[in-house]
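K.L.:
To be precise about what I am sending: the file is called my_file_37.cif and holds mmCIF, C-alpha atoms.
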```cif
data_run
#
loop_
_atom_site.group_PDB
_atom_site.id
_atom_site.type_symbol
_atom_site.label_atom_id
_atom_site.label_comp_id
_atom_site.auth_asym_id
_atom_site.auth_seq_id
_atom_site.Cartn_x
_atom_site.Cartn_y
_atom_site.Cartn_z
ATOM 1 C CA MET R 1 -7.387 34.139 49.572
ATOM 2 C CA ASN R 2 -9.026 37.026 51.401
ATOM 3 C CA ALA R 3 -7.518 40.465 50.590
ATOM 4 C CA ARG R 4 -9.132 42.325 53.525
ATOM 5 C CA PRO R 5 -6.822 41.071 56.288
ATOM 6 C CA PHE R 6 -3.853 41.895 54.074
ATOM 7 C CA ARG R 7 -5.097 45.475 53.552
ATOM 8 C CA GLY R 8 -5.749 45.870 57.261
ATOM 9 C CA ASN R 9 -2.228 44.716 58.107
ATOM 10 C CA ALA R 10 -0.755 46.986 55.444
ATOM 11 C CA LEU R 11 -2.616 49.962 56.930
ATOM 12 C CA LEU R 12 -1.352 49.105 60.406
ATOM 13 C CA VAL R 13 2.224 48.872 59.129
ATOM 14 C CA LEU R 14 1.846 52.170 57.260
ATOM 15 C CA LEU R 15 0.391 53.826 60.355
ATOM 16 C CA ALA R 16 3.232 52.491 62.530
ATOM 17 C CA VAL R 17 5.884 53.701 60.063
ATOM 18 C CA THR R 18 4.229 57.132 59.893
ATOM 19 C CA MET R 19 4.150 57.426 63.688
ATOM 20 C CA VAL R 20 7.810 56.404 64.051
ATOM 21 C CA THR R 21 8.838 58.843 61.302
ATOM 22 C CA GLY R 22 6.753 61.609 62.887
ATOM 23 C CA CYS R 23 8.351 61.008 66.293
ATOM 24 C CA GLN R 24 11.814 61.113 64.741
ATOM 25 C CA LYS R 25 11.004 64.392 62.952
ATOM 26 C CA TYR R 26 9.631 65.809 66.209
ATOM 27 C CA ASP R 27 12.901 64.886 67.948
ATOM 28 C CA VAL R 28 14.926 66.523 65.163
ATOM 29 C CA LEU R 29 12.908 69.744 65.488
ATOM 30 C CA ILE R 30 13.344 69.767 69.273
ATOM 31 C CA GLU R 31 17.091 69.288 68.892
ATOM 32 C CA LYS R 32 17.499 72.009 66.271
ATOM 33 C CA ASP R 33 15.313 74.401 68.284
ATOM 34 C CA GLN R 34 17.500 73.809 71.345
ATOM 35 C CA VAL R 35 20.689 74.402 69.334
ATOM 36 C CA ALA R 36 19.267 77.728 68.115
ATOM 37 C CA GLU R 37 18.289 78.613 71.706
ATOM 38 C CA GLN R 38 21.808 77.795 72.943
ATOM 39 C CA ARG R 39 23.402 79.844 70.145
ATOM 40 C CA TRP R 40 21.203 82.778 71.153
ATOM 41 C CA ALA R 41 22.361 82.393 74.764
ATOM 42 C CA ASP R 42 25.996 82.431 73.540
ATOM 43 C CA LEU R 43 25.302 85.644 71.640
ATOM 44 C CA GLU R 44 23.697 87.204 74.716
ATOM 45 C CA ALA R 45 26.748 86.214 76.786
ATOM 46 C CA ALA R 46 29.065 87.940 74.298
ATOM 47 C CA LEU R 47 26.841 91.038 74.303
ATOM 48 C CA GLN R 48 26.859 91.050 78.123
ATOM 49 C CA ARG R 49 30.660 90.785 78.152
ATOM 50 C CA ARG R 50 30.815 93.861 75.925
ATOM 51 C CA ALA R 51 28.365 95.716 78.172
ATOM 52 C CA ASP R 52 30.474 94.858 81.226
ATOM 53 C CA LEU R 53 33.687 96.097 79.585
ATOM 54 C CA ILE R 54 32.279 99.431 78.445
ATOM 55 C CA PRO R 55 32.200 101.270 81.822
ATOM 56 C CA ASN R 56 35.885 100.411 82.379
ATOM 57 C CA LEU R 57 36.799 101.529 78.885
ATOM 58 C CA VAL R 58 34.848 104.759 79.226
ATOM 59 C CA ASN R 59 36.403 105.580 82.619
ATOM 60 C CA THR R 60 39.883 104.988 81.221
ATOM 61 C CA VAL R 61 39.218 107.161 78.203
ATOM 62 C CA LYS R 62 37.613 109.892 80.334
ATOM 63 C CA ALA R 63 40.843 110.336 82.211
ATOM 64 C CA ALA R 64 42.843 110.798 79.017
ATOM 65 C CA ALA R 65 40.314 112.544 76.770
ATOM 66 C CA ALA R 66 38.035 114.640 78.936
ATOM 67 C CA SER R 67 37.141 116.876 76.006
ATOM 68 C CA GLU R 68 35.263 114.071 74.250
ATOM 69 C CA LYS R 69 32.355 113.963 76.688
ATOM 70 C CA GLU R 70 29.758 113.834 73.922
ATOM 71 C CA ILE R 71 31.121 110.596 72.460
ATOM 72 C CA LEU R 72 31.595 109.039 75.892
ATOM 73 C CA SER R 73 28.047 109.994 76.875
ATOM 74 C CA ALA R 74 26.727 108.498 73.646
ATOM 75 C CA VAL R 75 28.539 105.229 74.416
ATOM 76 C CA LEU R 76 27.075 105.055 77.928
ATOM 77 C CA GLU R 77 23.599 105.951 76.670
ATOM 78 C CA ALA R 78 23.775 103.347 73.902
ATOM 79 C CA ARG R 79 24.991 100.749 76.395
ATOM 80 C CA ALA R 80 22.084 101.509 78.733
ATOM 81 C CA LYS R 81 19.598 101.154 75.884
ATOM 82 C CA ALA R 82 21.201 97.958 74.563
ATOM 83 C CA THR R 83 21.202 96.270 77.968
ATOM 84 C CA SER R 84 17.623 97.316 78.717
ATOM 85 C CA ILE R 85 16.199 95.192 75.884
ATOM 86 C CA GLN R 86 16.051 91.503 76.753
ATOM 87 C CA LEU R 87 14.639 88.800 74.497
ATOM 88 C CA SER R 88 13.197 85.454 75.516
ATOM 89 C CA GLY R 89 13.032 82.361 73.334
ATOM 90 C CA GLU R 90 9.484 83.270 72.281
ATOM 91 C CA ASP R 91 10.578 86.821 71.408
ATOM 92 C CA LEU R 92 12.956 85.376 68.792
ATOM 93 C CA GLN R 93 9.898 84.535 66.706
ATOM 94 C CA ASP R 94 8.668 88.168 66.769
ATOM 95 C CA PRO R 95 10.311 90.226 63.976
ATOM 96 C CA ALA R 96 9.538 93.563 65.706
ATOM 97 C CA LYS R 97 11.181 92.563 69.003
ATOM 98 C CA VAL R 98 14.244 91.128 67.247
ATOM 99 C CA ALA R 99 14.537 94.296 65.139
ATOM 100 C CA ALA R 100 14.375 96.536 68.255
ATOM 101 C CA PHE R 101 17.051 94.418 69.940
ATOM 102 C CA GLN R 102 19.290 94.550 66.860
ATOM 103 C CA GLN R 103 18.836 98.312 66.505
ATOM 104 C CA ALA R 104 19.907 98.920 70.101
ATOM 105 C CA GLN R 105 22.975 96.696 69.628
ATOM 106 C CA GLU R 106 23.887 98.488 66.393
ATOM 107 C CA GLN R 107 23.639 101.895 68.091
ATOM 108 C CA LEU R 108 26.057 100.641 70.710
ATOM 109 C CA SER R 109 28.421 99.280 68.052
ATOM 110 C CA GLY R 110 28.336 102.635 66.252
ATOM 111 C CA ALA R 111 29.082 104.564 69.441
ATOM 112 C CA LEU R 112 31.976 102.224 70.230
ATOM 113 C CA SER R 113 33.360 102.647 66.717
ATOM 114 C CA ARG R 114 33.401 106.421 67.152
ATOM 115 C CA LEU R 115 35.102 106.012 70.523
ATOM 116 C CA LEU R 116 37.809 103.783 69.062
ATOM 117 C CA VAL R 117 38.400 106.315 66.262
ATOM 118 C CA VAL R 118 38.883 109.017 68.903
ATOM 119 C CA GLN R 119 41.811 107.111 70.384
ATOM 120 C CA GLU R 120 43.726 107.536 67.109
ATOM 121 C CA LYS R 121 43.629 111.305 67.621
ATOM 122 C CA TYR R 122 45.170 111.048 71.077
ATOM 123 C CA PRO R 123 48.691 109.568 71.103
ATOM 124 C CA GLU R 124 48.793 109.665 74.913
ATOM 125 C CA LEU R 125 45.633 107.595 74.969
ATOM 126 C CA LYS R 126 47.123 104.989 72.654
ATOM 127 C CA SER R 127 50.113 104.631 74.941
ATOM 128 C CA ASN R 128 47.910 104.228 78.018
ATOM 129 C CA GLU R 129 48.303 100.587 79.059
ATOM 130 C CA ASN R 130 44.832 100.331 80.552
ATOM 131 C CA PHE R 131 43.225 101.685 77.435
ATOM 132 C CA ARG R 132 45.182 99.327 75.187
ATOM 133 C CA ALA R 133 44.243 96.328 77.336
ATOM 134 C CA LEU R 134 40.566 97.300 77.314
ATOM 135 C CA GLN R 135 40.646 98.008 73.595
ATOM 136 C CA VAL R 136 42.081 94.549 72.913
ATOM 137 C CA GLN R 137 39.373 93.018 75.131
ATOM 138 C CA LEU R 138 36.675 95.003 73.363
ATOM 139 C CA GLU R 139 37.945 94.099 69.899
ATOM 140 C CA GLY R 140 38.057 90.436 70.937
ATOM 141 C CA THR R 141 34.524 90.723 72.266
ATOM 142 C CA GLU R 142 33.290 92.282 69.022
ATOM 143 C CA ASN R 143 34.805 89.326 67.159
ATOM 144 C CA ARG R 144 33.048 86.919 69.530
ATOM 145 C CA ILE R 145 29.765 88.743 68.951
ATOM 146 C CA LEU R 146 30.195 88.478 65.192
ATOM 147 C CA ARG R 147 30.977 84.755 65.459
ATOM 148 C CA SER R 148 28.027 84.205 67.807
ATOM 149 C CA ARG R 149 25.693 85.984 65.377
ATOM 150 C CA GLU R 150 26.943 83.769 62.557
ATOM 151 C CA GLN R 151 26.471 80.615 64.633
ATOM 152 C CA TYR R 152 23.002 81.694 65.748
ATOM 153 C CA ASN R 153 21.938 82.426 62.170
ATOM 154 C CA ALA R 154 23.305 79.038 61.034
ATOM 155 C CA ALA R 155 21.287 77.312 63.771
ATOM 156 C CA VAL R 156 18.174 79.289 62.763
ATOM 157 C CA ARG R 157 18.699 78.269 59.132
ATOM 158 C CA ASP R 158 18.947 74.578 60.105
ATOM 159 C CA TYR R 159 15.872 74.789 62.320
ATOM 160 C CA ASN R 160 13.750 76.791 59.854
ATOM 161 C CA THR R 161 14.783 74.481 56.996
ATOM 162 C CA GLU R 162 13.783 71.414 58.991
ATOM 163 C CA LEU R 163 10.507 73.088 59.926
ATOM 164 C CA GLY R 164 9.796 73.876 56.273
ATOM 165 C CA LYS R 165 10.257 70.303 55.104
ATOM 166 C CA VAL R 166 7.220 68.078 54.623
ATOM 167 C CA GLY R 167 7.863 66.159 57.846
ATOM 168 C CA GLY R 168 8.417 69.382 59.780
ATOM 169 C CA SER R 169 5.192 70.865 58.438
ATOM 170 C CA VAL R 170 3.287 67.739 59.452
ATOM 171 C CA VAL R 171 4.734 67.835 62.978
ATOM 172 C CA ARG R 172 4.027 71.565 63.223
ATOM 173 C CA ARG R 173 0.369 71.032 62.301
ATOM 174 C CA ALA R 174 0.065 67.935 64.493
ATOM 175 C CA THR R 175 1.407 69.842 67.530
ATOM 176 C CA GLY R 176 -0.872 72.823 67.009
ATOM 177 C CA GLY R 177 1.852 75.219 65.861
ATOM 178 C CA THR R 178 4.192 74.615 68.808
ATOM 179 C CA PHE R 179 7.139 75.014 66.453
ATOM 180 C CA LYS R 180 7.391 78.425 64.806
ATOM 181 C CA PRO R 181 10.071 79.831 62.503
ATOM 182 C CA ARG R 182 12.804 81.786 64.270
ATOM 183 C CA GLU R 183 13.998 85.238 63.229
ATOM 184 C CA TYR R 184 17.500 85.772 61.874
ATOM 185 C CA PHE R 185 19.794 88.339 63.446
ATOM 186 C CA ARG R 186 20.188 90.852 60.597
ATOM 187 C CA ALA R 187 22.353 93.919 60.187
ATOM 188 C CA SER R 188 20.518 97.146 59.480
ATOM 189 C CA PRO R 189 21.419 99.273 56.438
ATOM 190 C CA ALA R 190 22.869 101.863 58.847
ATOM 191 C CA SER R 191 25.507 99.368 59.992
ATOM 192 C CA GLN R 192 27.069 99.506 56.494
ATOM 193 C CA THR R 193 28.107 103.151 57.027
ATOM 194 C CA VAL R 194 31.583 103.850 58.388
ATOM 195 C CA PRO R 195 31.333 106.003 61.543
ATOM 196 C CA GLN R 196 32.584 109.559 61.108
ATOM 197 C CA VAL R 197 34.339 111.469 63.855
ATOM 198 C CA ASN R 198 35.063 115.150 63.219
ATOM 199 C CA PHE R 199 37.286 117.373 65.344
#
```
In structure tokens, write the structure found in this file.

P.N.:
Amino acid sequence: MNARPFRGNALLVLLAVTMVTGCQKYDVLIEKDQVAEQRWADLEAALQRRADLIPNLVNTVKAAAASEKEILSAVLEARAKATSIQLSGEDLQDPAKVAAFQQAQEQLSGALSRLLVVQEKYPELKSNENFRALQVQLEGTENRILRSREQYNAAVRDYNTELGKVGGSVVRRATGGTFKPREYFRASPASQTVPQVNF
């Protein structure tokens, strides 16, 4: 019995199995990359909602607490900076761009925290219906942002893990580096500090 035809058939079968497995791994990477992209879009939507609410909140607070112009100005300035930085899908693979985006968002969060502390000093502000409604909306939005960050980071973990596996590495090399690790959304050390408001 001739062993050569058997070896040739075995190589063809092995090649076919490898190609099918590679295609499946490619599909998995595409799917996980798209989930991470969608989670990022959800996070951006929550951040945009917050940015849209801020002018209304600031105008309401201005009417009741005109003496706190510095804090209100800081909120508007931080909002302008946070909304001026936009990231594309490719930017999410650049640590410097992600860090700049996160820093701008954290500055806005810090300014909002100081603003919300101010309302505790003004009983008439707390009783203002418009302010309370906006505050509830803003707090809800902050919770959505936190949840969106968590979901984005979970999607990044799944994608990066798949990319780091043997099959993912093979697909990455075979596609010329089309798939690149994504950056996590991380909190800066400054975000661990409780905002201080002094009167």

K.L.:
Work out how far apart CA of Asp33 in chain R and CA of Arg79 in chain R are and give it in Å to one decimal.

P.N.:
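So the answer is 29.2 Å.
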
K.L.:
Which residue, R:Ala82, R:Val156, R:Val166, R:Leu115, has the smallest gap to Arg182 in chain R when you use only C-alpha atoms?

P.N.:
R:Val156

K.L.:
Between R:Leu43, R:Ile85, R:Ile30, R:Leu53, which one has atoms that come closest to Tyr152 in chain R, using all atoms listed in the file?

P.N.:
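Closest residue, counting all atoms listed in the file: R:Leu43.
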
K.L.:
Hey, what's within 9 Å of Ala74 in chain R if we count all atoms listed in the file and toss same-chain stuff fewer than 6 positions away? As a count of residues only, please?

P.N.:
3

K.L.:
Report, in Å to a single decimal, how far apart CA of Ala51 in chain R and CA of Glu106 in chain R are.

P.N.:
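It comes out at 12.9 Å.
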
K.L.:
Since the input lacks atoms, please generate N, CA and C atoms for range 141-168 of chain R and provide them as a PDB file, in the frame of the given file.

P.N.:
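Saved result, result24.pdb, follows:
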```pdb
ATOM      1  N   THR R 141      35.943  90.924  71.991  1.00  0.00           N
ATOM      2  CA  THR R 141      34.524  90.723  72.266  1.00  0.00           C
ATOM      3  C   THR R 141      33.691  90.967  71.013  1.00  0.00           C
ATOM      4  N   GLU R 142      34.015  92.006  70.260  1.00  0.00           N
ATOM      5  CA  GLU R 142      33.290  92.282  69.022  1.00  0.00           C
ATOM      6  C   GLU R 142      33.433  91.109  68.056  1.00  0.00           C
ATOM      7  N   ASN R 143      34.612  90.505  68.013  1.00  0.00           N
ATOM      8  CA  ASN R 143      34.805  89.326  67.159  1.00  0.00           C
ATOM      9  C   ASN R 143      33.966  88.151  67.650  1.00  0.00           C
ATOM     10  N   ARG R 144      33.884  87.986  68.973  1.00  0.00           N
ATOM     11  CA  ARG R 144      33.048  86.919  69.530  1.00  0.00           C
ATOM     12  C   ARG R 144      31.580  87.151  69.185  1.00  0.00           C
ATOM     13  N   ILE R 145      31.156  88.413  69.272  1.00  0.00           N
ATOM     14  CA  ILE R 145      29.765  88.743  68.951  1.00  0.00           C
ATOM     15  C   ILE R 145      29.467  88.407  67.491  1.00  0.00           C
ATOM     16  N   LEU R 146      30.383  88.785  66.607  1.00  0.00           N
ATOM     17  CA  LEU R 146      30.195  88.478  65.192  1.00  0.00           C
ATOM     18  C   LEU R 146      30.088  86.972  64.979  1.00  0.00           C
ATOM     19  N   ARG R 147      30.991  86.220  65.603  1.00  0.00           N
ATOM     20  CA  ARG R 147      30.977  84.755  65.459  1.00  0.00           C
ATOM     21  C   ARG R 147      29.683  84.169  66.050  1.00  0.00           C
ATOM     22  N   SER R 148      29.256  84.697  67.186  1.00  0.00           N
ATOM     23  CA  SER R 148      28.027  84.205  67.807  1.00  0.00           C
ATOM     24  C   SER R 148      26.814  84.487  66.930  1.00  0.00           C
ATOM     25  N   ARG R 149      26.794  85.664  66.295  1.00  0.00           N
ATOM     26  CA  ARG R 149      25.693  85.984  65.377  1.00  0.00           C
ATOM     27  C   ARG R 149      25.668  84.993  64.220  1.00  0.00           C
ATOM     28  N   GLU R 150      26.860  84.712  63.671  1.00  0.00           N
ATOM     29  CA  GLU R 150      26.943  83.769  62.557  1.00  0.00           C
ATOM     30  C   GLU R 150      26.454  82.381  62.984  1.00  0.00           C
ATOM     31  N   GLN R 151      26.874  81.938  64.164  1.00  0.00           N
ATOM     32  CA  GLN R 151      26.471  80.615  64.633  1.00  0.00           C
ATOM     33  C   GLN R 151      24.972  80.571  64.931  1.00  0.00           C
ATOM     34  N   TYR R 152      24.442  81.638  65.492  1.00  0.00           N
ATOM     35  CA  TYR R 152      23.002  81.694  65.748  1.00  0.00           C
ATOM     36  C   TYR R 152      22.229  81.610  64.432  1.00  0.00           C
ATOM     37  N   ASN R 153      22.636  82.422  63.453  1.00  0.00           N
ATOM     38  CA  ASN R 153      21.938  82.426  62.170  1.00  0.00           C
ATOM     39  C   ASN R 153      22.029  81.063  61.475  1.00  0.00           C
ATOM     40  N   ALA R 154      23.171  80.380  61.610  1.00  0.00           N
ATOM     41  CA  ALA R 154      23.305  79.038  61.034  1.00  0.00           C
ATOM     42  C   ALA R 154      22.337  78.070  61.712  1.00  0.00           C
ATOM     43  N   ALA R 155      22.211  78.182  63.037  1.00  0.00           N
ATOM     44  CA  ALA R 155      21.287  77.312  63.771  1.00  0.00           C
ATOM     45  C   ALA R 155      19.837  77.617  63.385  1.00  0.00           C
ATOM     46  N   VAL R 156      19.522  78.896  63.189  1.00  0.00           N
ATOM     47  CA  VAL R 156      18.174  79.289  62.763  1.00  0.00           C
ATOM     48  C   VAL R 156      17.884  78.730  61.373  1.00  0.00           C
ATOM     49  N   ARG R 157      18.884  78.809  60.485  1.00  0.00           N
ATOM     50  CA  ARG R 157      18.699  78.269  59.132  1.00  0.00           C
ATOM     51  C   ARG R 157      18.403  76.766  59.187  1.00  0.00           C
ATOM     52  N   ASP R 158      19.173  76.026  59.987  1.00  0.00           N
ATOM     53  CA  ASP R 158      18.947  74.578  60.105  1.00  0.00           C
ATOM     54  C   ASP R 158      17.553  74.282  60.654  1.00  0.00           C
ATOM     55  N   TYR R 159      17.182  75.004  61.696  1.00  0.00           N
ATOM     56  CA  TYR R 159      15.872  74.789  62.320  1.00  0.00           C
ATOM     57  C   TYR R 159      14.740  75.143  61.361  1.00  0.00           C
ATOM     58  N   ASN R 160      14.811  76.351  60.764  1.00  0.00           N
ATOM     59  CA  ASN R 160      13.750  76.791  59.854  1.00  0.00           C
ATOM     60  C   ASN R 160      13.649  75.885  58.626  1.00  0.00           C
ATOM     61  N   THR R 161      14.792  75.401  58.138  1.00  0.00           N
ATOM     62  CA  THR R 161      14.783  74.481  56.996  1.00  0.00           C
ATOM     63  C   THR R 161      14.075  73.186  57.370  1.00  0.00           C
ATOM     64  N   GLU R 162      14.422  72.646  58.530  1.00  0.00           N
ATOM     65  CA  GLU R 162      13.783  71.414  58.991  1.00  0.00           C
ATOM     66  C   GLU R 162      12.278  71.622  59.177  1.00  0.00           C
ATOM     67  N   LEU R 163      11.919  72.765  59.699  1.00  0.00           N
ATOM     68  CA  LEU R 163      10.507  73.088  59.926  1.00  0.00           C
ATOM     69  C   LEU R 163       9.746  73.219  58.609  1.00  0.00           C
ATOM     70  N   GLY R 164      10.430  73.687  57.569  1.00  0.00           N
ATOM     71  CA  GLY R 164       9.796  73.876  56.273  1.00  0.00           C
ATOM     72  C   GLY R 164       9.659  72.609  55.450  1.00  0.00           C
ATOM     73  N   LYS R 165      10.368  71.565  55.836  1.00  0.00           N
ATOM     74  CA  LYS R 165      10.257  70.303  55.104  1.00  0.00           C
ATOM     75  C   LYS R 165       8.888  69.677  55.359  1.00  0.00           C
ATOM     76  N   VAL R 166       8.528  68.712  54.520  1.00  0.00           N
ATOM     77  CA  VAL R 166       7.220  68.078  54.623  1.00  0.00           C
ATOM     78  C   VAL R 166       7.010  67.506  56.023  1.00  0.00           C
ATOM     79  N   GLY R 167       7.993  66.752  56.510  1.00  0.00           N
ATOM     80  CA  GLY R 167       7.863  66.159  57.846  1.00  0.00           C
ATOM     81  C   GLY R 167       7.733  67.211  58.929  1.00  0.00           C
ATOM     82  N   GLY R 168       8.499  68.299  58.806  1.00  0.00           N
ATOM     83  CA  GLY R 168       8.417  69.382  59.780  1.00  0.00           C
ATOM     84  C   GLY R 168       7.065  70.061  59.757  1.00  0.00           C
TER      85      GLY R 168
END
```
